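S.K.: Mind looking over this structure? Questions follow.
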Amino acid sequence: MKRSLIIIFTLTLLLSMISGNSFASNFKEEADIVYLNGNIYTVDNKFSKAKALAIKGQKLIYVGNKGQAKKYIGSNTKVIDLEGKTVIPGLNDGHLHFPRMGMNLLQINGFNKHKEEILNLVKEEAGRREPGEWILGYGWNHELWPDKKFPTKEELDAVAPDNPVMLQRVDAHSIWVNSKALEIGGITKDTSDPQGGEILRDASGEPTGVLIDTAGISVTSKIPPYSTERIEEGLLKAQEELFANGITSATDAGSHLSYINDMKNLYKKGDLKARLNVMVANGKGGETGESLEYYYKNGPEIGLFCDRLTVRSLKLVGDGSLGSRSAALLEDYSDRSGHKGNYRFTDEELYRLVKEARKYGWQVATHAIGDGAILQVLNTYERVLKEDPLADHRWRIEHFQIANASEIDRIAKIGILPSMQPVHATSDKNMAEDRVGPERIKYSYAWRKVIDAGSHIIGGSDAPVELVNPFHGLYAAITRMDSDGNPAGGWYPEESMTREEAVKAFTIWAAEGSFEEKIKGSLEAGKLADFIVIDKDPMKCPEEQLKDIQVLTTVLGGEVVYKK
């Protein structure tokens, strides 16, 4: 009898467990929102496709087929029919300048404009300003002008004689100033070139009005700062640009503490929502600077404001730009004999800064465009990591433009991540080969060689150096052509990315660059519900249409933050 009772009890227990498991397997969490009937590219490990997704709070709880998704629909679930439209993960710009985007929206815009048009804008601005007030602008590019010559202070003096003027070149590595600005900066015929910079001069040695890299600091340091209200206005304008272009996440490639605090204030108010991975800019020259001193004392900040703000990396600038002939090359510029560009740091200065970052556990990202600067950075990274190993460091080289075969192999071997901006190739193609010649160009902007060597490319725009539109980046990566379709067939087309690689560069690979691939970069259950609805299928539309893709809806953490 006792044995029979034990058997009955055991069978009852087993049946209840089976029943409980069956109930658990059939139970589905009720979603806040379910999207159905989509052409969804998940960008998971298999680059698989889905038809539906379900969201609870900020996260995805299901990505897959329509039938299963419907099980997450409850009495309070909002259901949205995508009507066959294409969905991809929210785009992640792996290298832009967020505060500068905002401040530029408050200044004279000279992007892609002729010199005469820029001078007219300066003249109009001078008419609105009191004598002595600064006139600021950005975006000029002498390579687009008929004579391709650097501008002069006299041209600005003629239109704004009573106001100091500072116009930043498109690459942010040169400034064009007038005589008033030179006077305020204390720059004369007798002023020496600083480390990492150059004062362009005429035949008699007089400054022409173009200051390259660190040579401009004596002028820019005298410009009064914007008020907090104006800065916040600019940051929110920049956020609008991101969302309208389908960018839900971005890496801000170097900001000081004051700007980071402005961002925090906006996050606290609930006005700033974009996910930002902010690199801390170091001080002038080889100095650590107050921003880094603060963060080295207080430590990294990861995932603040519900995974919207992370500060964990240091941004260094190793050289200048190719357009300004200040990128540091191993051999002379092909179009300027005896000139190899400018290194921002001595070897020991760079070593000290990287060693310090390693000591405090910070990710390092260094701007290096020329093969000379790239070599200096690689040697420094390798030296520090041999002295103090770190398996998953994810140290980065920003731009990695004019490389060579050895450097491409070394970054893959050491695990250095190349952060590259596809639009730079199609913008620079008109002058790049003039600068470096027919042999070095073969390893420049060489995405195919970089990927084939085993590296993942972090895609970005470098906005406001280029337009922030990420579809211009996808188009450039895939076609190697500019927005006018030139050159036909692409510029060195053998270096193109595949469509899948280009999408990954602006999603999951960019997330890897900021240690965030486990929470975003693909559409998978458990990850953040960041995605965009677009008007064309980037995997199937004709190549020439890639640059014209329009964002219909931007969703960040389940919230619609932009709708066309």
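Identifiers in this document derive from the order of the structure tokens: chains are assigned A, B, ..., residues are numbered from 1 separately in each chain, and ligands are numbered from 1 in order of occurrence.
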Give me, as a CSV table (one decimal) with N, CA, C and O atoms, in the first residue's frame, the residues of region 240-458 of chain A that a backbone DSSP run labels alpha helix (DSSP H).

M.R.:
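Heads up, here's the output in result_17.csv:
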chain,number,residue,atom,x,y,z
A,240,GLU,N,18.9,66.0,-34.5
A,240,GLU,CA,17.9,66.0,-35.6
A,240,GLU,C,18.5,65.4,-36.9
A,240,GLU,O,17.9,64.7,-37.6
A,241,GLU,N,19.7,65.9,-37.2
A,241,GLU,CA,20.4,65.4,-38.4
A,241,GLU,C,20.6,63.9,-38.4
A,241,GLU,O,20.5,63.2,-39.3
A,242,LEU,N,21.1,63.4,-37.2
A,242,LEU,CA,21.3,62.0,-37.1
A,242,LEU,C,20.1,61.2,-37.3
A,242,LEU,O,20.0,60.3,-38.1
A,243,PHE,N,19.0,61.6,-36.6
A,243,PHE,CA,17.8,60.8,-36.7
A,243,PHE,C,17.2,60.8,-38.1
A,243,PHE,O,16.6,59.8,-38.6
A,244,ALA,N,17.2,62.0,-38.8
A,244,ALA,CA,16.7,62.1,-40.1
A,244,ALA,C,17.4,61.2,-41.1
A,244,ALA,O,16.9,60.9,-42.1
A,257,LEU,N,35.7,67.9,-21.7
A,257,LEU,CA,34.8,67.7,-20.6
A,257,LEU,C,33.6,68.6,-20.7
A,257,LEU,O,32.5,68.2,-20.4
A,258,SER,N,33.8,69.9,-21.1
A,258,SER,CA,32.7,70.8,-21.1
A,258,SER,C,31.6,70.4,-22.0
A,258,SER,O,30.4,70.5,-21.6
A,259,TYR,N,31.9,69.9,-23.2
A,259,TYR,CA,30.9,69.4,-24.1
A,259,TYR,C,30.2,68.2,-23.6
A,259,TYR,O,29.0,68.0,-23.8
A,260,ILE,N,31.0,67.3,-23.0
A,260,ILE,CA,30.4,66.1,-22.4
A,260,ILE,C,29.4,66.4,-21.3
A,260,ILE,O,28.3,65.9,-21.2
A,261,ASN,N,29.7,67.4,-20.5
A,261,ASN,CA,28.8,67.9,-19.5
A,261,ASN,C,27.5,68.5,-20.1
A,261,ASN,O,26.4,68.4,-19.6
A,262,ASP,N,27.7,69.2,-21.2
A,262,ASP,CA,26.5,69.8,-21.9
A,262,ASP,C,25.6,68.7,-22.4
A,262,ASP,O,24.4,68.7,-22.3
A,263,MET,N,26.2,67.6,-22.9
A,263,MET,CA,25.5,66.4,-23.4
A,263,MET,C,24.7,65.8,-22.2
A,263,MET,O,23.5,65.5,-22.3
A,264,LYS,N,25.4,65.7,-21.1
A,264,LYS,CA,24.7,65.1,-19.9
A,264,LYS,C,23.5,65.9,-19.4
A,264,LYS,O,22.5,65.3,-19.0
A,265,ASN,N,23.7,67.2,-19.5
A,265,ASN,CA,22.5,68.0,-19.1
A,265,ASN,C,21.3,67.8,-20.0
A,265,ASN,O,20.2,67.8,-19.5
A,266,LEU,N,21.6,67.6,-21.3
A,266,LEU,CA,20.5,67.4,-22.2
A,266,LEU,C,19.9,66.0,-22.0
A,266,LEU,O,18.7,65.8,-22.2
A,267,TYR,N,20.7,65.0,-21.7
A,267,TYR,CA,20.2,63.7,-21.4
A,267,TYR,C,19.3,63.7,-20.1
A,267,TYR,O,18.3,63.1,-20.1
A,268,LYS,N,19.8,64.4,-19.1
A,268,LYS,CA,19.0,64.5,-17.9
A,268,LYS,C,17.6,65.2,-18.1
A,268,LYS,O,16.6,64.8,-17.5
A,269,LYS,N,17.6,66.1,-19.0
A,269,LYS,CA,16.3,66.7,-19.4
A,269,LYS,C,15.4,65.8,-20.3
A,269,LYS,O,14.2,66.1,-20.5
A,289,GLY,N,45.9,67.1,-20.3
A,289,GLY,CA,44.7,68.0,-20.4
A,289,GLY,C,43.7,67.7,-19.3
A,289,GLY,O,43.7,66.6,-18.7
A,290,GLU,N,42.9,68.7,-19.0
A,290,GLU,CA,42.0,68.6,-17.8
A,290,GLU,C,40.9,67.6,-18.0
A,290,GLU,O,40.5,67.0,-17.0
A,291,SER,N,40.5,67.4,-19.3
A,291,SER,CA,39.4,66.5,-19.5
A,291,SER,C,39.9,65.1,-19.2
A,291,SER,O,39.2,64.3,-18.5
A,292,LEU,N,41.1,64.7,-19.6
A,292,LEU,CA,41.6,63.4,-19.4
A,292,LEU,C,41.9,63.2,-17.9
A,292,LEU,O,41.7,62.1,-17.3
A,293,GLU,N,42.5,64.2,-17.3
A,293,GLU,CA,42.8,64.2,-15.9
A,293,GLU,C,41.5,63.9,-15.0
A,293,GLU,O,41.6,63.1,-14.1
A,294,TYR,N,40.4,64.5,-15.4
A,294,TYR,CA,39.2,64.3,-14.7
A,294,TYR,C,38.8,62.8,-14.9
A,294,TYR,O,38.4,62.1,-13.9
A,295,TYR,N,38.8,62.3,-16.1
A,295,TYR,CA,38.3,60.9,-16.4
A,295,TYR,C,39.3,59.9,-15.8
A,295,TYR,O,38.8,58.8,-15.4
A,296,TYR,N,40.6,60.1,-15.9
A,296,TYR,CA,41.5,59.2,-15.3
A,296,TYR,C,41.3,59.1,-13.8
A,296,TYR,O,41.4,58.0,-13.2
A,297,LYS,N,40.9,60.2,-13.2
A,297,LYS,CA,40.6,60.2,-11.7
A,297,LYS,C,39.3,59.5,-11.4
A,297,LYS,O,39.2,58.8,-10.4
A,298,ASN,N,38.3,59.7,-12.2
A,298,ASN,CA,36.9,59.2,-11.9
A,298,ASN,C,36.5,58.0,-12.7
A,298,ASN,O,35.5,57.3,-12.3
A,304,LEU,N,25.4,55.0,-19.5
A,304,LEU,CA,24.6,56.0,-18.8
A,304,LEU,C,23.3,56.3,-19.5
A,304,LEU,O,23.2,56.1,-20.7
A,305,PHE,N,22.3,56.7,-18.8
A,305,PHE,CA,21.0,57.2,-19.3
A,305,PHE,C,20.4,56.1,-20.2
A,305,PHE,O,20.0,56.3,-21.4
A,306,CYS,N,20.3,54.9,-19.7
A,306,CYS,CA,19.7,53.7,-20.4
A,306,CYS,C,20.5,53.4,-21.7
A,306,CYS,O,19.9,53.4,-22.7
A,307,ASP,N,21.7,53.2,-21.5
A,307,ASP,CA,22.6,52.8,-22.6
A,307,ASP,C,22.7,53.9,-23.7
A,307,ASP,O,22.8,53.6,-24.9
A,347,ASP,N,57.9,60.4,-30.8
A,347,ASP,CA,57.6,59.0,-30.4
A,347,ASP,C,57.4,58.9,-28.9
A,347,ASP,O,56.6,58.1,-28.5
A,348,GLU,N,58.2,59.6,-28.1
A,348,GLU,CA,58.1,59.4,-26.7
A,348,GLU,C,56.9,60.1,-26.1
A,348,GLU,O,56.3,59.6,-25.2
A,349,GLU,N,56.4,61.2,-26.7
A,349,GLU,CA,55.2,61.8,-26.3
A,349,GLU,C,54.0,60.9,-26.5
A,349,GLU,O,53.1,60.7,-25.7
A,350,LEU,N,54.0,60.3,-27.7
A,350,LEU,CA,52.9,59.4,-28.0
A,350,LEU,C,52.9,58.1,-27.1
A,350,LEU,O,51.9,57.7,-26.6
A,351,TYR,N,54.1,57.6,-26.9
A,351,TYR,CA,54.3,56.5,-26.0
A,351,TYR,C,53.7,56.8,-24.6
A,351,TYR,O,53.0,56.0,-24.0
A,352,ARG,N,54.1,57.9,-24.1
A,352,ARG,CA,53.7,58.3,-22.7
A,352,ARG,C,52.2,58.4,-22.6
A,352,ARG,O,51.5,57.9,-21.7
A,353,LEU,N,51.5,59.0,-23.6
A,353,LEU,CA,50.1,59.1,-23.6
A,353,LEU,C,49.4,57.8,-23.7
A,353,LEU,O,48.4,57.5,-23.0
A,354,VAL,N,49.9,56.9,-24.6
A,354,VAL,CA,49.2,55.6,-24.8
A,354,VAL,C,49.5,54.7,-23.5
A,354,VAL,O,48.6,54.0,-23.0
A,355,LYS,N,50.7,54.8,-23.0
A,355,LYS,CA,51.0,54.0,-21.8
A,355,LYS,C,50.1,54.5,-20.6
A,355,LYS,O,49.7,53.6,-19.8
A,356,GLU,N,49.9,55.8,-20.5
A,356,GLU,CA,49.0,56.3,-19.4
A,356,GLU,C,47.6,55.8,-19.6
A,356,GLU,O,47.0,55.4,-18.6
A,357,ALA,N,47.1,55.8,-20.8
A,357,ALA,CA,45.8,55.3,-21.1
A,357,ALA,C,45.6,53.8,-20.7
A,357,ALA,O,44.6,53.4,-20.1
A,358,ARG,N,46.7,53.0,-21.0
A,358,ARG,CA,46.7,51.6,-20.7
A,358,ARG,C,46.7,51.4,-19.2
A,358,ARG,O,45.9,50.6,-18.6
A,359,LYS,N,47.4,52.2,-18.5
A,359,LYS,CA,47.5,52.2,-17.0
A,359,LYS,C,46.1,52.4,-16.4
A,359,LYS,O,45.7,51.7,-15.4
A,371,ASP,N,51.1,57.0,-43.9
A,371,ASP,CA,51.7,55.8,-43.6
A,371,ASP,C,52.8,56.0,-42.5
A,371,ASP,O,53.1,55.1,-41.7
A,372,GLY,N,53.4,57.2,-42.4
A,372,GLY,CA,54.3,57.5,-41.4
A,372,GLY,C,53.7,57.6,-40.0
A,372,GLY,O,54.2,57.0,-39.0
A,373,ALA,N,52.5,58.3,-39.9
A,373,ALA,CA,51.8,58.4,-38.7
A,373,ALA,C,51.3,57.0,-38.3
A,373,ALA,O,51.3,56.6,-37.1
A,374,ILE,N,50.8,56.2,-39.3
A,374,ILE,CA,50.2,54.9,-39.0
A,374,ILE,C,51.3,54.0,-38.4
A,374,ILE,O,51.1,53.3,-37.4
A,375,LEU,N,52.5,54.1,-39.0
A,375,LEU,CA,53.7,53.3,-38.4
A,375,LEU,C,54.0,53.7,-37.0
A,375,LEU,O,54.3,52.9,-36.2
A,376,GLN,N,54.0,55.0,-36.8
A,376,GLN,CA,54.3,55.5,-35.4
A,376,GLN,C,53.3,55.0,-34.4
A,376,GLN,O,53.6,54.5,-33.3
A,377,VAL,N,52.0,55.0,-34.8
A,377,VAL,CA,51.0,54.5,-33.9
A,377,VAL,C,51.1,53.0,-33.7
A,377,VAL,O,51.0,52.5,-32.5
A,378,LEU,N,51.3,52.3,-34.8
A,378,LEU,CA,51.4,50.8,-34.6
A,378,LEU,C,52.6,50.4,-33.7
A,378,LEU,O,52.5,49.5,-32.9
A,379,ASN,N,53.7,51.1,-33.9
A,379,ASN,CA,54.9,50.8,-33.1
A,379,ASN,C,54.6,51.1,-31.6
A,379,ASN,O,55.0,50.3,-30.8
A,380,THR,N,53.9,52.2,-31.4
A,380,THR,CA,53.6,52.6,-30.0
A,380,THR,C,52.6,51.6,-29.4
A,380,THR,O,52.8,51.2,-28.3
A,381,TYR,N,51.5,51.3,-30.1
A,381,TYR,CA,50.5,50.4,-29.6
A,381,TYR,C,51.2,49.0,-29.2
A,381,TYR,O,51.0,48.5,-28.2
A,382,GLU,N,52.0,48.5,-30.2
A,382,GLU,CA,52.6,47.2,-30.0
A,382,GLU,C,53.6,47.2,-28.8
A,382,GLU,O,53.6,46.3,-28.0
A,383,ARG,N,54.3,48.3,-28.6
A,383,ARG,CA,55.3,48.5,-27.5
A,383,ARG,C,54.5,48.4,-26.2
A,383,ARG,O,54.9,47.7,-25.3
A,384,VAL,N,53.5,49.2,-26.1
A,384,VAL,CA,52.7,49.3,-24.8
A,384,VAL,C,52.0,48.0,-24.5
A,384,VAL,O,52.0,47.5,-23.4
A,385,LEU,N,51.4,47.3,-25.5
A,385,LEU,CA,50.7,46.1,-25.3
A,385,LEU,C,51.7,44.9,-25.0
A,385,LEU,O,51.3,44.0,-24.3
A,386,LYS,N,52.9,45.0,-25.4
A,386,LYS,CA,53.9,44.0,-25.0
A,386,LYS,C,54.3,44.2,-23.6
A,386,LYS,O,54.5,43.2,-22.8
A,387,GLU,N,54.4,45.4,-23.2
A,387,GLU,CA,54.8,45.7,-21.8
A,387,GLU,C,53.7,45.4,-20.8
A,387,GLU,O,53.9,45.0,-19.7
A,405,ALA,N,51.3,47.7,-47.4
A,405,ALA,CA,51.0,46.3,-47.2
A,405,ALA,C,51.3,45.8,-45.8
A,405,ALA,O,50.5,45.0,-45.2
A,406,SER,N,52.5,46.1,-45.3
A,406,SER,CA,52.9,45.7,-44.0
A,406,SER,C,51.9,46.2,-42.9
A,406,SER,O,51.6,45.5,-42.0
A,407,GLU,N,51.5,47.5,-43.0
A,407,GLU,CA,50.6,48.0,-42.0
A,407,GLU,C,49.3,47.4,-42.0
A,407,GLU,O,48.7,47.2,-41.0
A,408,ILE,N,48.8,47.1,-43.2
A,408,ILE,CA,47.5,46.4,-43.3
A,408,ILE,C,47.5,45.0,-42.6
A,408,ILE,O,46.6,44.6,-41.9
A,409,ASP,N,48.6,44.3,-42.8
A,409,ASP,CA,48.8,43.0,-42.2
A,409,ASP,C,48.9,43.1,-40.7
A,409,ASP,O,48.4,42.3,-39.9
A,410,ARG,N,49.7,44.1,-40.2
A,410,ARG,CA,50.0,44.3,-38.8
A,410,ARG,C,48.7,44.6,-38.0
A,410,ARG,O,48.6,44.1,-36.9
A,411,ILE,N,47.8,45.5,-38.5
A,411,ILE,CA,46.7,45.8,-37.7
A,411,ILE,C,45.8,44.6,-37.5
A,411,ILE,O,45.3,44.4,-36.4
A,412,ALA,N,45.7,43.7,-38.5
A,412,ALA,CA,44.9,42.5,-38.3
A,412,ALA,C,45.6,41.5,-37.3
A,412,ALA,O,45.0,40.9,-36.4
A,413,LYS,N,46.9,41.5,-37.3
A,413,LYS,CA,47.7,40.6,-36.4
A,413,LYS,C,47.6,41.1,-35.0
A,413,LYS,O,47.4,40.3,-34.1
A,414,ILE,N,47.7,42.4,-34.8
A,414,ILE,CA,47.7,42.9,-33.4
A,414,ILE,C,46.3,43.1,-32.9
A,414,ILE,O,46.1,43.2,-31.7
A,422,PRO,N,34.2,55.7,-45.8
A,422,PRO,CA,34.2,55.5,-47.3
A,422,PRO,C,34.1,56.7,-48.2
A,422,PRO,O,34.7,56.8,-49.2
A,423,VAL,N,33.3,57.7,-47.7
A,423,VAL,CA,33.2,58.9,-48.5
A,423,VAL,C,34.5,59.7,-48.7
A,423,VAL,O,34.6,60.5,-49.6
A,424,HIS,N,35.5,59.5,-47.8
A,424,HIS,CA,36.7,60.1,-48.0
A,424,HIS,C,37.4,59.7,-49.3
A,424,HIS,O,38.1,60.6,-50.0
A,425,ALA,N,37.3,58.5,-49.7
A,425,ALA,CA,37.9,58.0,-50.9
A,425,ALA,C,37.3,58.7,-52.1
A,425,ALA,O,38.1,59.2,-53.0
A,426,THR,N,36.0,58.8,-52.2
A,426,THR,CA,35.4,59.5,-53.3
A,426,THR,C,35.5,61.0,-53.3
A,426,THR,O,35.4,61.6,-54.4
A,427,SER,N,35.7,61.6,-52.1
A,427,SER,CA,35.9,63.0,-52.1
A,427,SER,C,37.4,63.3,-52.4
A,427,SER,O,37.7,64.4,-53.0
A,428,ASP,N,38.3,62.5,-52.0
A,428,ASP,CA,39.7,62.7,-52.1
A,428,ASP,C,40.3,62.3,-53.5
A,428,ASP,O,41.4,62.6,-53.8
A,429,LYS,N,39.5,61.5,-54.2
A,429,LYS,CA,40.1,60.9,-55.4
A,429,LYS,C,40.7,61.9,-56.4
A,429,LYS,O,41.6,61.5,-57.2
A,430,ASN,N,40.2,63.1,-56.4
A,430,ASN,CA,40.7,64.1,-57.4
A,430,ASN,C,42.1,64.6,-57.0
A,430,ASN,O,42.7,65.2,-57.9
A,431,MET,N,42.5,64.4,-55.8
A,431,MET,CA,43.8,64.9,-55.4
A,431,MET,C,44.7,63.9,-54.8
A,431,MET,O,45.9,64.1,-54.7
A,432,ALA,N,44.1,62.8,-54.3
A,432,ALA,CA,44.9,61.8,-53.5
A,432,ALA,C,46.1,61.2,-54.3
A,432,ALA,O,47.2,61.1,-53.8
A,433,GLU,N,45.9,60.8,-55.6
A,433,GLU,CA,47.0,60.3,-56.3
A,433,GLU,C,48.1,61.3,-56.6
A,433,GLU,O,49.3,61.0,-56.7
A,434,ASP,N,47.7,62.6,-56.8
A,434,ASP,CA,48.6,63.6,-57.0
A,434,ASP,C,49.5,63.7,-55.7
A,434,ASP,O,50.7,64.0,-55.8
A,435,ARG,N,48.9,63.5,-54.6
A,435,ARG,CA,49.7,63.7,-53.3
A,435,ARG,C,50.7,62.5,-53.1
A,435,ARG,O,51.8,62.7,-52.6
A,436,VAL,N,50.3,61.3,-53.4
A,436,VAL,CA,51.1,60.1,-53.1
A,436,VAL,C,51.6,59.3,-54.2
A,436,VAL,O,52.4,58.4,-54.0
A,437,GLY,N,51.2,59.6,-55.5
A,437,GLY,CA,51.7,58.9,-56.6
A,437,GLY,C,51.0,57.6,-56.9
A,437,GLY,O,50.2,57.1,-56.1
A,438,PRO,N,51.4,56.9,-58.0
A,438,PRO,CA,50.7,55.7,-58.5
A,438,PRO,C,50.9,54.4,-57.7
A,438,PRO,O,50.1,53.5,-57.7
A,439,GLU,N,52.0,54.4,-56.9
A,439,GLU,CA,52.3,53.1,-56.2
A,439,GLU,C,51.7,53.2,-54.8
A,439,GLU,O,51.0,52.2,-54.4
A,440,ARG,N,51.9,54.3,-54.1
A,440,ARG,CA,51.3,54.3,-52.7
A,440,ARG,C,49.8,54.3,-52.8
A,440,ARG,O,49.1,53.9,-51.8
A,447,TRP,N,39.9,49.2,-48.7
A,447,TRP,CA,39.0,48.5,-47.9
A,447,TRP,C,39.1,47.0,-48.2
A,447,TRP,O,39.0,46.2,-47.2
A,448,ARG,N,39.2,46.6,-49.4
A,448,ARG,CA,39.2,45.2,-49.7
A,448,ARG,C,40.4,44.5,-49.1
A,448,ARG,O,40.3,43.4,-48.5
A,449,LYS,N,41.6,45.1,-49.3
A,449,LYS,CA,42.8,44.6,-48.7
A,449,LYS,C,42.7,44.5,-47.2
A,449,LYS,O,43.2,43.5,-46.6
A,450,VAL,N,42.1,45.5,-46.6
A,450,VAL,CA,42.0,45.5,-45.1
A,450,VAL,C,41.1,44.4,-44.6
A,450,VAL,O,41.4,43.6,-43.7
A,451,ILE,N,39.9,44.2,-45.3
A,451,ILE,CA,39.0,43.1,-44.9
A,451,ILE,C,39.6,41.8,-45.2
A,451,ILE,O,39.5,40.8,-44.4
A,452,ASP,N,40.2,41.6,-46.3
A,452,ASP,CA,40.8,40.3,-46.7
A,452,ASP,C,41.9,39.9,-45.8
A,452,ASP,O,42.2,38.7,-45.6

S.K.: Among the residues of region 150-229 of chain A, find those DSSP assigns to strand (DSSP E or B) from the backbone and print them as a list in words.

M.R.: Val165, Met166, Leu167, Gln168, Arg169, Ser174, Ile175, Trp176, Val177, Gly197, Glu198, Ile199, Leu200, Arg201, Pro207, Thr208, Gly209, Val210, Leu211, Ile212 and Asp213 of chain A

S.K.: Any idea what's packed within 7 Å of region 462-475 of chain A, counting only C-alpha atoms, ignoring anything in its chain fewer than 2 positions away? Could you give it as a PDB file with C-alpha atoms, in the first residue's frame?

M.R.:
ATOM      1  CA  HIS A  95      33.452  58.401 -36.439  1.00  0.00           C
ATOM      2  CA  LEU A  96      31.937  61.864 -36.457  1.00  0.00           C
ATOM      3  CA  HIS A  97      32.287  65.075 -34.461  1.00  0.00           C
ATOM      4  CA  MET A 101      28.235  69.239 -36.207  1.00  0.00           C
ATOM      5  CA  VAL A 170      36.492  70.974 -44.774  1.00  0.00           C
ATOM      6  CA  ASP A 171      39.012  68.546 -43.233  1.00  0.00           C
ATOM      7  CA  ALA A 172      39.359  70.688 -40.062  1.00  0.00           C
ATOM      8  CA  ASN A 245      19.518  60.082 -41.620  1.00  0.00           C
ATOM      9  CA  GLN A 421      35.148  56.667 -43.785  1.00  0.00           C
ATOM     10  CA  PRO A 422      34.185  55.452 -47.290  1.00  0.00           C
ATOM     11  CA  VAL A 423      33.181  58.910 -48.531  1.00  0.00           C
ATOM     12  CA  GLY A 460      31.669  56.396 -40.464  1.00  0.00           C
ATOM     13  CA  ALA A 477      31.882  51.708 -50.094  1.00  0.00           C
ATOM     14  CA  ILE A 478      30.097  49.554 -52.666  1.00  0.00           C
ATOM     15  CA  THR A 479      30.643  51.547 -55.894  1.00  0.00           C
ATOM     16  CA  ALA A 502      29.111  47.863 -46.103  1.00  0.00           C
ATOM     17  CA  VAL A 503      25.960  47.376 -44.013  1.00  0.00           C
ATOM     18  CA  LEU A 546      21.970  53.421 -52.860  1.00  0.00           C
ATOM     19  CA  LYS A 547      22.958  57.048 -52.213  1.00  0.00           C
ATOM     20  CA  ILE A 549      17.786  55.822 -50.020  1.00  0.00           C
TER      21      ILE A 549
END

S.K.: Give me, please, the distance in Å between CA of Ile55 (chain A) and CA of Lys520 (chain A), quoted to one decimal.

M.R.: 14.0 Å

S.K.: Which residues come within 6 Å of Glu206 (chain A), counting only C-alpha atoms, excluding same-chain residues fewer than 3 positions away, as a PyMOL selection string?

M.R.: chain A and resi 189+201-202

S.K.: Filtering to all heavy atoms, could you give me those residues as an mmCIF file, in the first residue's frame?

M.R.:
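Everything below was put into part04.cif:
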data_model
loop_
_atom_site.group_PDB
_atom_site.id
_atom_site.type_symbol
_atom_site.label_atom_id
_atom_site.label_comp_id
_atom_site.auth_asym_id
_atom_site.auth_seq_id
_atom_site.Cartn_x
_atom_site.Cartn_y
_atom_site.Cartn_z
ATOM 1 N N LYS A 189 55.434 87.743 -39.358
ATOM 2 C CA LYS A 189 56.483 87.193 -40.218
ATOM 3 C C LYS A 189 57.537 86.451 -39.396
ATOM 4 O O LYS A 189 58.153 85.485 -39.866
ATOM 5 C CB LYS A 189 57.122 88.331 -41.020
ATOM 6 C CG LYS A 189 58.153 87.910 -42.042
ATOM 7 C CD LYS A 189 58.640 89.120 -42.823
ATOM 8 C CE LYS A 189 59.645 88.696 -43.898
ATOM 9 N NZ LYS A 189 60.077 89.868 -44.709
ATOM 10 N N ARG A 201 53.238 80.807 -46.014
ATOM 11 C CA ARG A 201 53.828 82.125 -46.201
ATOM 12 C C ARG A 201 53.987 82.433 -47.680
ATOM 13 O O ARG A 201 54.102 81.533 -48.510
ATOM 14 C CB ARG A 201 55.204 82.189 -45.513
ATOM 15 C CG ARG A 201 55.172 81.801 -44.031
ATOM 16 C CD ARG A 201 56.571 81.630 -43.449
ATOM 17 N NE ARG A 201 56.544 80.969 -42.148
ATOM 18 C CZ ARG A 201 56.433 81.599 -40.985
ATOM 19 N NH1 ARG A 201 56.354 82.926 -40.962
ATOM 20 N NH2 ARG A 201 56.403 80.926 -39.847
ATOM 21 N N ASP A 202 54.058 83.742 -47.990
ATOM 22 C CA ASP A 202 54.301 84.140 -49.371
ATOM 23 C C ASP A 202 55.812 84.220 -49.621
ATOM 24 O O ASP A 202 56.621 83.866 -48.748
ATOM 25 C CB ASP A 202 53.595 85.457 -49.704
ATOM 26 C CG ASP A 202 54.083 86.634 -48.860
ATOM 27 O OD1 ASP A 202 55.205 86.566 -48.303
ATOM 28 O OD2 ASP A 202 53.344 87.634 -48.759
#

S.K.: When distances are computed from only C-alpha atoms, which of A:Ile80, A:Ala54, A:Leu121, A:Leu36 shows the smallest separation from Lys66 (chain A)?

M.R.: A:Leu36

S.K.: Write out as a PyMOL selection string the residues lying within 8 Å of Leu136 (chain A), counting only C-alpha atoms and excluding same-chain residues fewer than 3 positions away.

M.R.: chain A and resi 107-108+165-167

S.K.: Under the rule that only C-alpha atoms are counted, which of A:Arg344, A:His399, A:His339, A:Arg394 is the nearest residue to Ile416 (chain A)?

M.R.: A:Arg394

S.K.: For Gln401 (chain A), work out the shell of residues within 10 Å, counting only C-alpha atoms and skipping chain neighbours fewer than 6 positions away, then give it as a list in words.

M.R.: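 That gives Ser321, Leu322, Ala327, Ala368, Ile369, Gly370, Asp371, Ile374, Pro418, Ser419, Met420, Gln421, His424, Ala425, Ile441, Tyr443, Ser444, Tyr445, Ala446 and Trp447 of chain A.
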
S.K.: Using only C-alpha atoms, which residues sit within 6 Å of Thr77 (chain A) once same-chain residues fewer than 6 positions away are excluded, as a list in words?

M.R.: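 Result of the neighbour search: Ala31, Asp32 and Ile33 of chain A.
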
S.K.: Which one is closest to Arg499 (chain A): A:Gln239, A:Asn342, A:Lys28, A:Phe47? Count only C-alpha atoms.

M.R.: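 Looking at the shortest contact to Arg499 (chain A), the residue is A:Phe47.
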
S.K.: Please compute the CA of Leu106 (chain A)-CA of Phe150 (chain A) distance, one decimal, in Å.

M.R.: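 Answer for the CA of Leu106 (chain A) to CA of Phe150 (chain A) separation: 24.6 Å.
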